[in-house]
$ cat structure_25.cif   # mmCIF, C-alpha atoms and all ligand atoms
data_my_file
loop_
_atom_site.label_atom_id
_atom_site.label_comp_id
_atom_site.auth_asym_id
_atom_site.auth_seq_id
_atom_site.Cartn_x
_atom_site.Cartn_y
_atom_site.Cartn_z
CA MET K 1 78.78 -103.52 -5.42
CA LYS K 2 77.40 -101.41 -2.61
CA LYS K 3 79.11 -102.01 0.73
CA LEU K 4 76.81 -102.33 3.74
CA VAL K 5 77.06 -103.38 7.39
CA LEU K 6 74.60 -104.59 9.99
CA ALA K 7 74.49 -102.58 13.19
CA ALA K 8 72.63 -103.36 16.42
CA ASP K 9 71.90 -101.56 19.66
CA LEU K 10 71.19 -104.04 22.45
CA GLY K 11 69.21 -102.49 25.30
CA GLY K 12 67.62 -103.80 28.46
CA THR K 13 64.17 -103.64 26.83
CA ASN K 14 64.70 -103.49 23.06
CA LEU K 15 67.09 -104.76 20.44
CA ARG K 16 67.26 -102.47 17.43
CA MET K 17 69.09 -103.40 14.27
CA ALA K 18 69.68 -101.71 10.93
CA VAL K 19 71.39 -102.11 7.58
CA VAL K 20 73.71 -99.12 7.18
CA GLY K 21 75.52 -97.79 4.12
CA GLU K 22 79.00 -96.29 3.91
CA ASP K 23 77.73 -92.73 4.28
CA GLY K 24 75.74 -93.59 7.38
CA GLU K 25 72.44 -93.94 5.56
CA ILE K 26 70.02 -96.37 7.21
CA LEU K 27 68.55 -98.58 4.50
CA HIS K 28 66.44 -100.94 6.54
CA ARG K 29 65.61 -101.36 10.20
CA VAL K 30 64.05 -103.95 12.49
CA ARG K 31 63.30 -104.13 16.18
CA GLY K 32 62.72 -106.88 18.71
CA THR K 33 61.92 -107.09 22.39
CA THR K 34 64.78 -108.22 24.61
CA PRO K 35 63.70 -111.64 25.96
CA PRO K 36 62.31 -111.31 29.52
CA ASN K 37 64.72 -113.81 31.07
CA ARG K 38 67.64 -112.23 29.22
CA THR K 39 69.59 -115.45 29.09
CA ARG K 40 72.63 -115.66 26.86
CA GLY K 41 70.98 -118.14 24.52
CA GLU K 42 67.77 -116.11 24.15
CA VAL K 43 69.60 -112.83 23.49
CA LEU K 44 71.88 -114.45 20.90
CA GLY K 45 68.92 -116.19 19.27
CA LEU K 46 67.11 -112.87 18.92
CA ILE K 47 70.19 -111.20 17.42
CA GLN K 48 70.56 -114.05 14.95
CA ASP K 49 66.86 -113.94 13.96
CA LEU K 50 66.86 -110.17 13.42
CA ALA K 51 70.12 -110.31 11.45
CA ALA K 52 68.67 -113.00 9.19
CA GLN K 53 65.54 -110.89 8.73
CA CYS K 54 67.60 -107.81 7.83
CA ILE K 55 69.69 -109.74 5.30
CA ARG K 56 66.57 -111.32 3.76
CA GLU K 57 64.79 -107.99 3.43
CA THR K 58 67.75 -106.09 1.99
CA ASN K 59 68.00 -105.86 -1.79
CA SER K 60 70.11 -108.43 -3.54
CA GLY K 61 73.09 -106.95 -5.33
CA THR K 62 74.50 -105.78 -2.02
CA VAL K 63 77.04 -107.34 0.28
CA ILE K 64 76.99 -107.18 4.08
CA SER K 65 80.62 -106.93 5.13
CA GLY K 66 80.43 -106.74 8.92
CA PHE K 67 78.35 -106.56 12.06
CA GLY K 68 78.62 -104.02 14.86
CA ILE K 69 76.86 -104.29 18.20
CA ALA K 70 76.50 -101.71 20.97
CA ALA K 71 75.85 -103.13 24.44
CA PRO K 72 74.86 -101.53 27.77
CA ALA K 73 78.02 -102.87 29.36
CA VAL K 74 81.63 -102.37 30.25
CA VAL K 75 83.33 -104.08 27.33
CA ASP K 76 86.77 -105.27 26.35
CA GLN K 77 86.45 -103.66 22.94
CA SER K 78 89.58 -105.10 21.35
CA ARG K 79 88.69 -108.70 22.31
CA GLY K 80 84.94 -108.36 21.85
CA VAL K 81 84.15 -109.50 25.39
CA ILE K 82 81.36 -108.18 27.63
CA ARG K 83 82.96 -107.61 31.03
CA ALA K 84 79.94 -106.47 33.03
CA ALA K 85 76.37 -105.78 31.90
CA PRO K 86 74.30 -104.75 34.96
CA ASN K 87 70.99 -105.11 33.07
CA LEU K 88 71.96 -108.29 31.21
CA PRO K 89 74.04 -110.15 33.82
CA ASP K 90 73.90 -113.48 31.99
CA LEU K 91 76.20 -111.90 29.39
CA ASN K 92 78.94 -111.05 31.93
CA GLY K 93 82.31 -112.39 30.82
CA PHE K 94 80.93 -113.49 27.46
CA ALA K 95 83.04 -113.37 24.26
CA ILE K 96 80.04 -112.17 22.26
CA SER K 97 81.98 -111.10 19.15
CA ASP K 98 83.48 -114.56 18.55
CA ASP K 99 80.13 -116.25 19.15
CA LEU K 100 78.21 -113.94 16.81
CA ALA K 101 80.95 -114.11 14.16
CA GLU K 102 80.50 -117.88 14.13
CA ARG K 103 76.69 -117.64 13.93
CA LEU K 104 76.50 -114.86 11.35
CA LYS K 105 79.64 -115.68 9.34
CA LEU K 106 80.63 -112.02 9.55
CA PRO K 107 83.38 -110.10 11.33
CA VAL K 108 81.85 -108.65 14.53
CA ILE K 109 82.80 -105.52 16.45
CA LEU K 110 81.54 -104.75 19.98
CA GLU K 111 81.32 -101.34 21.67
CA ASN K 112 79.89 -99.82 24.84
CA ASP K 113 76.56 -98.18 23.98
CA ALA K 114 77.43 -94.67 25.22
CA THR K 115 80.81 -94.70 23.48
CA ALA K 116 79.04 -95.92 20.34
CA ALA K 117 76.64 -92.97 20.59
CA GLY K 118 79.64 -90.63 20.84
CA ILE K 119 81.20 -92.20 17.74
CA GLY K 120 77.87 -91.97 15.89
CA GLU K 121 77.36 -88.29 16.76
CA HIS K 122 80.96 -87.59 15.71
CA TRP K 123 80.46 -89.39 12.38
CA ARG K 124 77.05 -88.13 11.32
CA GLY K 125 75.56 -86.02 14.10
CA ALA K 126 76.00 -82.97 16.28
CA SER K 127 79.76 -83.30 16.91
CA LYS K 128 80.66 -83.93 13.27
CA GLY K 129 83.74 -81.93 12.32
CA PHE K 130 84.92 -81.51 15.93
CA ASP K 131 88.04 -83.39 17.06
CA THR K 132 87.33 -83.49 20.78
CA SER K 133 83.82 -83.99 22.09
CA ILE K 134 81.82 -85.46 24.94
CA CYS K 135 78.48 -87.13 24.27
CA LEU K 136 76.15 -87.38 27.28
CA THR K 137 73.06 -89.59 27.16
CA LEU K 138 70.56 -88.57 29.82
CA GLY K 139 68.04 -91.41 29.98
CA THR K 140 67.06 -93.80 32.74
CA GLY K 141 70.72 -93.49 33.70
CA VAL K 142 73.51 -91.26 32.39
CA GLY K 143 75.95 -92.49 29.76
CA GLY K 144 79.07 -90.80 28.46
CA GLY K 145 81.13 -91.19 25.29
CA LEU K 146 84.45 -89.41 24.87
CA ILE K 147 86.12 -88.60 21.55
CA VAL K 148 89.63 -87.20 21.94
CA ASN K 149 91.60 -86.08 18.87
CA GLY K 150 89.09 -87.88 16.67
CA GLN K 151 89.38 -91.23 18.48
CA PRO K 152 87.14 -92.84 21.12
CA LEU K 153 88.75 -92.83 24.55
CA ARG K 154 88.05 -96.20 26.18
CA GLY K 155 90.64 -96.37 28.95
CA ILE K 156 92.82 -99.34 29.81
CA ASP K 157 89.90 -101.36 31.26
CA GLY K 158 87.20 -100.08 28.91
CA THR K 159 85.53 -98.03 31.63
CA ALA K 160 86.46 -94.53 30.44
CA GLY K 161 83.61 -92.11 29.82
CA GLU K 162 81.44 -93.18 32.77
CA VAL K 163 80.31 -89.60 33.28
CA GLY K 164 77.13 -90.82 35.00
CA HIS K 165 79.29 -91.91 37.91
CA VAL K 166 81.21 -88.69 38.41
CA CYS K 167 80.51 -87.52 41.94
CA VAL K 168 78.61 -84.23 42.11
CA GLU K 169 77.46 -84.46 45.77
CA PRO K 170 80.03 -86.03 48.14
CA PHE K 171 77.44 -87.10 50.73
CA GLY K 172 74.60 -87.52 48.26
CA ALA K 173 72.19 -90.21 47.17
CA PRO K 174 73.45 -93.81 47.02
CA CYS K 175 74.08 -95.04 43.49
CA GLY K 176 73.71 -98.48 41.95
CA CYS K 177 77.45 -98.49 41.22
CA GLY K 178 78.21 -98.59 44.97
CA SER K 179 79.30 -94.97 45.31
CA VAL K 180 77.19 -91.99 46.46
CA GLY K 181 76.25 -88.67 44.86
CA CYS K 182 76.85 -89.77 41.25
CA LEU K 183 75.57 -87.50 38.46
CA GLU K 184 73.15 -90.26 37.45
CA GLN K 185 71.27 -89.70 40.73
CA TYR K 186 70.69 -86.01 39.82
CA ALA K 187 70.45 -85.67 36.04
CA SER K 188 68.50 -88.64 34.66
CA ALA K 189 64.82 -89.53 34.24
CA THR K 190 65.05 -91.65 37.40
CA ALA K 191 66.64 -88.75 39.25
CA VAL K 192 63.81 -86.39 38.29
CA VAL K 193 61.31 -88.65 40.06
CA ARG K 194 63.63 -89.22 43.02
CA MET K 195 64.20 -85.48 43.55
CA ALA K 196 60.49 -84.65 43.20
CA ARG K 197 59.62 -87.11 45.99
CA LEU K 198 62.28 -85.54 48.21
CA LEU K 199 61.14 -81.97 47.54
CA LYS K 200 57.45 -82.54 48.17
CA ALA K 201 57.63 -81.62 51.87
CA GLU K 202 58.99 -78.18 50.92
CA TYR K 203 56.26 -77.61 48.31
CA PRO K 204 52.98 -78.68 49.94
CA SER K 205 50.97 -76.70 47.38
CA SER K 206 52.50 -78.55 44.41
CA GLU K 207 49.87 -80.49 42.49
CA ILE K 208 52.25 -83.36 41.83
CA ASP K 209 51.15 -86.46 43.72
CA THR K 210 54.46 -87.96 44.85
CA ASP K 211 52.77 -90.81 46.73
CA GLY K 212 51.38 -92.54 43.66
CA VAL K 213 52.93 -93.76 40.42
CA LEU K 214 55.04 -90.91 39.11
CA THR K 215 57.05 -90.54 35.90
CA SER K 216 59.59 -87.96 34.78
CA LEU K 217 57.12 -86.98 32.06
CA ASP K 218 54.51 -86.05 34.73
CA ILE K 219 57.07 -83.76 36.36
CA TYR K 220 58.14 -82.30 33.01
CA ASN K 221 54.52 -81.50 32.13
CA ALA K 222 53.98 -79.91 35.55
CA ALA K 223 57.11 -77.77 35.09
CA VAL K 224 55.91 -76.60 31.67
CA ASN K 225 52.60 -75.66 33.35
CA GLY K 226 54.40 -73.59 35.96
CA ASP K 227 54.49 -75.93 38.97
CA ALA K 228 57.18 -74.44 41.25
CA MET K 229 58.36 -77.76 42.62
CA ALA K 230 58.72 -79.29 39.16
CA ILE K 231 60.64 -76.23 37.99
CA GLU K 232 62.96 -76.59 40.99
CA VAL K 233 63.56 -80.27 40.14
CA PHE K 234 64.83 -79.31 36.69
CA ARG K 235 66.87 -76.41 38.12
CA LEU K 236 68.64 -78.93 40.37
CA PHE K 237 69.04 -81.25 37.37
CA GLY K 238 70.77 -78.41 35.50
CA PHE K 239 72.87 -77.40 38.50
CA TYR K 240 74.35 -80.87 38.99
CA LEU K 241 74.80 -81.38 35.27
CA GLY K 242 76.70 -78.07 35.19
CA VAL K 243 78.91 -79.18 38.08
CA ALA K 244 79.89 -82.31 36.15
CA ILE K 245 80.33 -80.48 32.85
CA GLY K 246 82.52 -77.84 34.51
CA GLY K 247 84.88 -80.57 35.68
CA LEU K 248 84.87 -82.30 32.29
CA VAL K 249 85.64 -79.04 30.52
CA ASN K 250 88.67 -78.48 32.76
CA VAL K 251 89.93 -82.03 32.24
CA LEU K 252 89.32 -82.55 28.51
CA ASN K 253 88.98 -79.05 26.98
CA PRO K 254 86.34 -80.28 24.49
CA GLU K 255 85.06 -78.24 21.56
CA VAL K 256 81.52 -79.51 21.98
CA ILE K 257 79.37 -81.38 24.49
CA VAL K 258 76.49 -83.22 22.85
CA ILE K 259 73.53 -83.92 25.13
CA GLY K 260 70.94 -86.53 24.16
CA GLY K 261 68.72 -89.22 25.66
CA GLY K 262 65.06 -89.04 26.65
CA ALA K 263 65.60 -86.71 29.63
CA SER K 264 67.30 -84.15 27.37
CA ASP K 265 63.85 -83.37 25.94
CA ALA K 266 63.51 -81.12 29.00
CA TRP K 267 66.39 -79.03 27.56
CA PRO K 268 64.77 -75.57 27.97
CA LEU K 269 64.14 -76.34 31.66
CA PHE K 270 67.75 -77.12 32.60
CA ILE K 271 70.28 -75.94 30.04
CA ASP K 272 70.67 -72.31 31.18
CA THR K 273 71.30 -73.42 34.77
CA ALA K 274 73.76 -76.05 33.54
CA ARG K 275 75.65 -73.56 31.38
CA ASP K 276 75.81 -70.94 34.17
CA GLU K 277 77.13 -73.51 36.63
CA MET K 278 79.71 -74.78 34.14
CA VAL K 279 80.92 -71.21 33.50
CA ARG K 280 81.13 -70.54 37.24
CA ARG K 281 83.37 -73.57 37.78
CA ALA K 282 85.46 -74.10 34.66
CA PHE K 283 88.49 -72.13 33.46
CA ARG K 284 87.40 -69.16 31.41
CA GLU K 285 88.96 -70.05 28.07
CA PRO K 286 87.66 -73.63 27.68
CA ALA K 287 84.26 -72.61 29.13
CA GLU K 288 83.90 -69.86 26.52
CA ARG K 289 84.95 -72.20 23.74
CA VAL K 290 82.80 -75.24 24.49
CA LYS K 291 79.42 -75.52 22.81
CA LEU K 292 76.57 -77.31 24.58
CA VAL K 293 74.34 -78.74 21.86
CA ARG K 294 71.49 -81.19 21.56
CA ALA K 295 72.18 -84.59 20.03
CA GLY K 296 71.44 -84.90 16.34
CA LEU K 297 70.77 -88.59 15.81
CA GLY K 298 68.25 -89.56 18.50
CA ASP K 299 68.04 -93.32 19.03
CA ASP K 300 70.21 -93.99 15.97
CA ALA K 301 73.46 -92.64 17.46
CA GLY K 302 74.60 -95.99 18.88
CA ILE K 303 73.69 -97.93 15.74
CA LEU K 304 75.59 -95.49 13.54
CA GLY K 305 78.56 -95.58 15.93
CA VAL K 306 78.99 -99.34 15.68
CA ALA K 307 78.27 -99.19 11.93
CA LYS K 308 81.21 -96.81 11.60
CA LEU K 309 83.42 -99.21 13.57
CA ALA K 310 82.27 -102.13 11.42
CA PHE K 311 83.26 -100.25 8.27
CA GLN K 312 86.66 -99.41 9.75
CA SER K 313 87.50 -102.94 10.87
ZN ZN K 401 77.32 -94.31 40.43
#

$ encode --input "structure_25.cif" --output "structure tokens"
Amino acid sequence: MKKLVLAADLGGTNLRMAVVGEDGEILHRVRGTTPPNRTRGEVLGLIQDLAAQCIRETNSGTVISGFGIAAPAVVDQSRGVIRAAPNLPDLNGFAISDDLAERLKLPVILENDATAAGIGEHWRGASKGFDTSICLTLGTGVGGGLIVNGQPLRGIDGTAGEVGHVCVEPFGAPCGCGSVGCLEQYASATAVVRMARLLKAEYPSSEIDTDGVLTSLDIYNAAVNGDAMAIEVFRLFGFYLGVAIGGLVNVLNPEVIVIGGGASDAWPLFIDTARDEMVRRAFREPAERVKLVRAGLGDDAGILGVAKLAFQS
């Protein structure tokens, strides 16, 4: 009988779930909107409904042997407890694995979403075949997943891999984490908008209207069309990303750094600057070795990462 698992990626806006086979093939997928009030009961109810839907719509003659869930949170992975979820605060301190195991009658495994993406890319994506890798997700914020000697590095409190909160500017922009100058404030979609607003005074001829509603996509499009201010925003993005990567390369000596997330679509606008800055700062040997590559799995990286864990457990 074919062995399958259910895998879910819980986000601040969407919950995505899929039935995954042992080779990482996605056999069925569903999606729901994270309930607006984001209460514990509503989120769990949605997970339960989507899981039931997945099981119903999957061919009979198969057996679902486990459930994996990736959460935007600091997690106690071994105990299946959400320690802190800034975007879903009602889940803080919640033993979600035990609760879901009871509801779904399946063993449940929990993982941080960025670490899950790193595991997914290592299993089926751009870092497959490499023992030591860093997976960076450049989206609204910046997530990091570390794989060292083939194993996820979680740290003693489950906070390892928070690359988005590496300081790249000691007296820089305040960050939601309470520190200042974190990478997330310089190399994310939010950062692109923030930096454009700051630069406007220096670029009065830029056609970007920084007073109105502004998205990172507006700035990306302007950069592609040659707007000097927009180009400078992405140069800064690459510079700060390179500062962080240079430090990571010296600390971890990875074979590959996988870069994904929505903001990585601007790759041609920032990657050369990032690579140059990394080379300028890192030791020569690890800087020459490390490959900077685009993620291979898109939005499925986290789902595949927790699917892999569910198969292993
Ligand atoms: Zn921070």

$ atom_distance --input "structure_25.cif" --atom1 "atom CA of Glu285 of chain K" --atom2 "atom CA of Glu255 of chain K"
11.2 Å

$ atom_distance --input "structure_25.cif" --atom1 "atom CA of Thr140 of chain K" --atom2 "atom CA of Gln185 of chain K"
9.9 Å

$ atom_distance --input "structure_25.cif" --atom1 "atom CA of Ile109 of chain K" --atom2 "atom CA of Gln312 of chain K"
9.9 Å

$ closest_residue --input "structure_25.cif" --among "K:Gly305, K:Gly144, K:Gly238, K:Gly150" --to "Pro268 of chain K" --atoms "only C-alpha atoms"
K:Gly238

$ closest_atom_pairs --input "structure_25.cif" --of "segment 75-193 of chain K" --to "segment 14-34 of chain K" --cutoff "12 Å" --atoms "only C-alpha atoms" --output "Markdown table"
| residue | atom | partner | partner_atom | distance |
| --- | --- | --- | --- | --- |
| K:Asn87 | CA | K:Thr34 | CA | 10.9 |
| K:Leu88 | CA | K:Thr34 | CA | 9.8 |
| K:Ile119 | CA | K:Gly24 | CA | 11.8 |
| K:Gly120 | CA | K:Gly24 | CA | 8.9 |
| K:Glu121 | CA | K:Gly24 | CA | 10.9 |
| K:His122 | CA | K:Gly24 | CA | 11.5 |
| K:Trp123 | CA | K:Gly24 | CA | 8.1 |
| K:Arg124 | CA | K:Gly24 | CA | 6.9 |
| K:Gly125 | CA | K:Gly24 | CA | 10.1 |

$ closest_residue --input "structure_25.cif" --among "K:Cys182, K:Val163, K:Leu106, K:Val148" --to "ligand ZN 401 (chain K)" --atoms "only C-alpha atoms and all ligand atoms"
K:Cys182

$ closest_residue --input "structure_25.cif" --among "K:Leu236, K:Phe270, K:Thr137, K:Leu309" --to "Gln151 of chain K" --atoms "all atoms listed in the file"
K:Leu309

$ residues_near_ligand --input "structure_25.cif" --ligand "ligand ZN 401 (chain K)" --cutoff "12 Å" --atoms "only C-alpha atoms and all ligand atoms" --output "PyMOL selection string"
chain K and resi 141-143+162-170+172-188

$ residues_near_point --input "structure_25.cif" --point "(84.9, -93.5, 21.7)" --cutoff "9 Å" --atoms "only C-alpha atoms" --output "list in words"
Glu111, Asn112, Ala114, Thr115, Ala116, Ala117, Gly118, Ile119, Gly145, Leu146, Ile147, Val148, Gly150, Gln151, Pro152, Leu153, Arg154, Ala160, Gly161 and Gly305 of chain K

$ residues_around --input "structure_25.cif" --residues "Val5 of chain K" --least-positions-apart "4" --cutoff "8 Å" --atoms "all atoms listed in the file" --output "list in words"
Val19, Val20, Gly21, Ile64, Ser65, Gly66, Phe67, Gly68, Ala307, Ala310 and Phe311 of chain K

$ closest_residue --input "structure_25.cif" --among "K:Ala73, K:Ala101, K:Leu44, K:Met229" --to "Ala85 of chain K" --atoms "all atoms listed in the file"
K:Ala73

$ residues_around --input "structure_25.cif" --residues "Arg275 of chain K" --least-positions-apart "6" --cutoff "9 Å" --atoms "all atoms listed in the file" --output "list in words"
Gly238, Phe239, Leu241, Gly242, Ile245, Gly246, Ala287 and Leu292 of chain K

$ residues_near_point --input "structure_25.cif" --point "(75.1, -99.0, 21.1)" --cutoff "6 Å" --atoms "only C-alpha atoms" --output "PyMOL selection string"
chain K and resi 9+70-71+113+116+302-303

$ build_atoms --input "structure_25.cif" --residues "segment 124-137 of chain K" --atoms "N, CA and C atoms" --output "PDB file, in the coordinates of the input"
ATOM      1  N   ARG K 124      78.160 -88.655  12.112  1.00  0.00           N
ATOM      2  CA  ARG K 124      77.050 -88.130  11.320  1.00  0.00           C
ATOM      3  C   ARG K 124      76.162 -87.136  12.071  1.00  0.00           C
ATOM      4  N   GLY K 125      76.501 -86.808  13.298  1.00  0.00           N
ATOM      5  CA  GLY K 125      75.560 -86.020  14.100  1.00  0.00           C
ATOM      6  C   GLY K 125      76.102 -84.676  14.548  1.00  0.00           C
ATOM      7  N   ALA K 126      75.789 -84.327  15.785  1.00  0.00           N
ATOM      8  CA  ALA K 126      76.000 -82.970  16.280  1.00  0.00           C
ATOM      9  C   ALA K 126      77.461 -82.622  16.546  1.00  0.00           C
ATOM     10  N   SER K 127      78.339 -83.612  16.684  1.00  0.00           N
ATOM     11  CA  SER K 127      79.760 -83.300  16.910  1.00  0.00           C
ATOM     12  C   SER K 127      80.595 -83.555  15.662  1.00  0.00           C
ATOM     13  N   LYS K 128      79.953 -83.721  14.529  1.00  0.00           N
ATOM     14  CA  LYS K 128      80.660 -83.930  13.270  1.00  0.00           C
ATOM     15  C   LYS K 128      81.575 -82.726  12.990  1.00  0.00           C
ATOM     16  N   GLY K 129      82.813 -83.006  12.635  1.00  0.00           N
ATOM     17  CA  GLY K 129      83.740 -81.930  12.320  1.00  0.00           C
ATOM     18  C   GLY K 129      84.513 -81.419  13.531  1.00  0.00           C
ATOM     19  N   PHE K 130      84.191 -81.912  14.727  1.00  0.00           N
ATOM     20  CA  PHE K 130      84.920 -81.510  15.930  1.00  0.00           C
ATOM     21  C   PHE K 130      85.826 -82.663  16.373  1.00  0.00           C
ATOM     22  N   ASP K 131      87.067 -82.334  16.715  1.00  0.00           N
ATOM     23  CA  ASP K 131      88.040 -83.390  17.060  1.00  0.00           C
ATOM     24  C   ASP K 131      87.843 -83.935  18.468  1.00  0.00           C
ATOM     25  N   THR K 132      87.426 -83.063  19.384  1.00  0.00           N
ATOM     26  CA  THR K 132      87.330 -83.490  20.780  1.00  0.00           C
ATOM     27  C   THR K 132      85.932 -83.157  21.302  1.00  0.00           C
ATOM     28  N   SER K 133      85.213 -84.195  21.685  1.00  0.00           N
ATOM     29  CA  SER K 133      83.820 -83.990  22.090  1.00  0.00           C
ATOM     30  C   SER K 133      83.438 -84.967  23.197  1.00  0.00           C
ATOM     31  N   ILE K 134      82.396 -84.595  23.912  1.00  0.00           N
ATOM     32  CA  ILE K 134      81.820 -85.460  24.940  1.00  0.00           C
ATOM     33  C   ILE K 134      80.356 -85.631  24.568  1.00  0.00           C
ATOM     34  N   CYS K 135      79.888 -86.865  24.569  1.00  0.00           N
ATOM     35  CA  CYS K 135      78.480 -87.130  24.270  1.00  0.00           C
ATOM     36  C   CYS K 135      77.832 -87.669  25.548  1.00  0.00           C
ATOM     37  N   LEU K 136      76.840 -86.957  26.060  1.00  0.00           N
ATOM     38  CA  LEU K 136      76.150 -87.380  27.280  1.00  0.00           C
ATOM     39  C   LEU K 136      74.757 -87.879  26.905  1.00  0.00           C
ATOM     40  N   THR K 137      74.392 -89.050  27.390  1.00  0.00           N
ATOM     41  CA  THR K 137      73.060 -89.590  27.160  1.00  0.00           C
ATOM     42  C   THR K 137      72.311 -89.594  28.477  1.00  0.00           C
TER      43      THR K 137
END
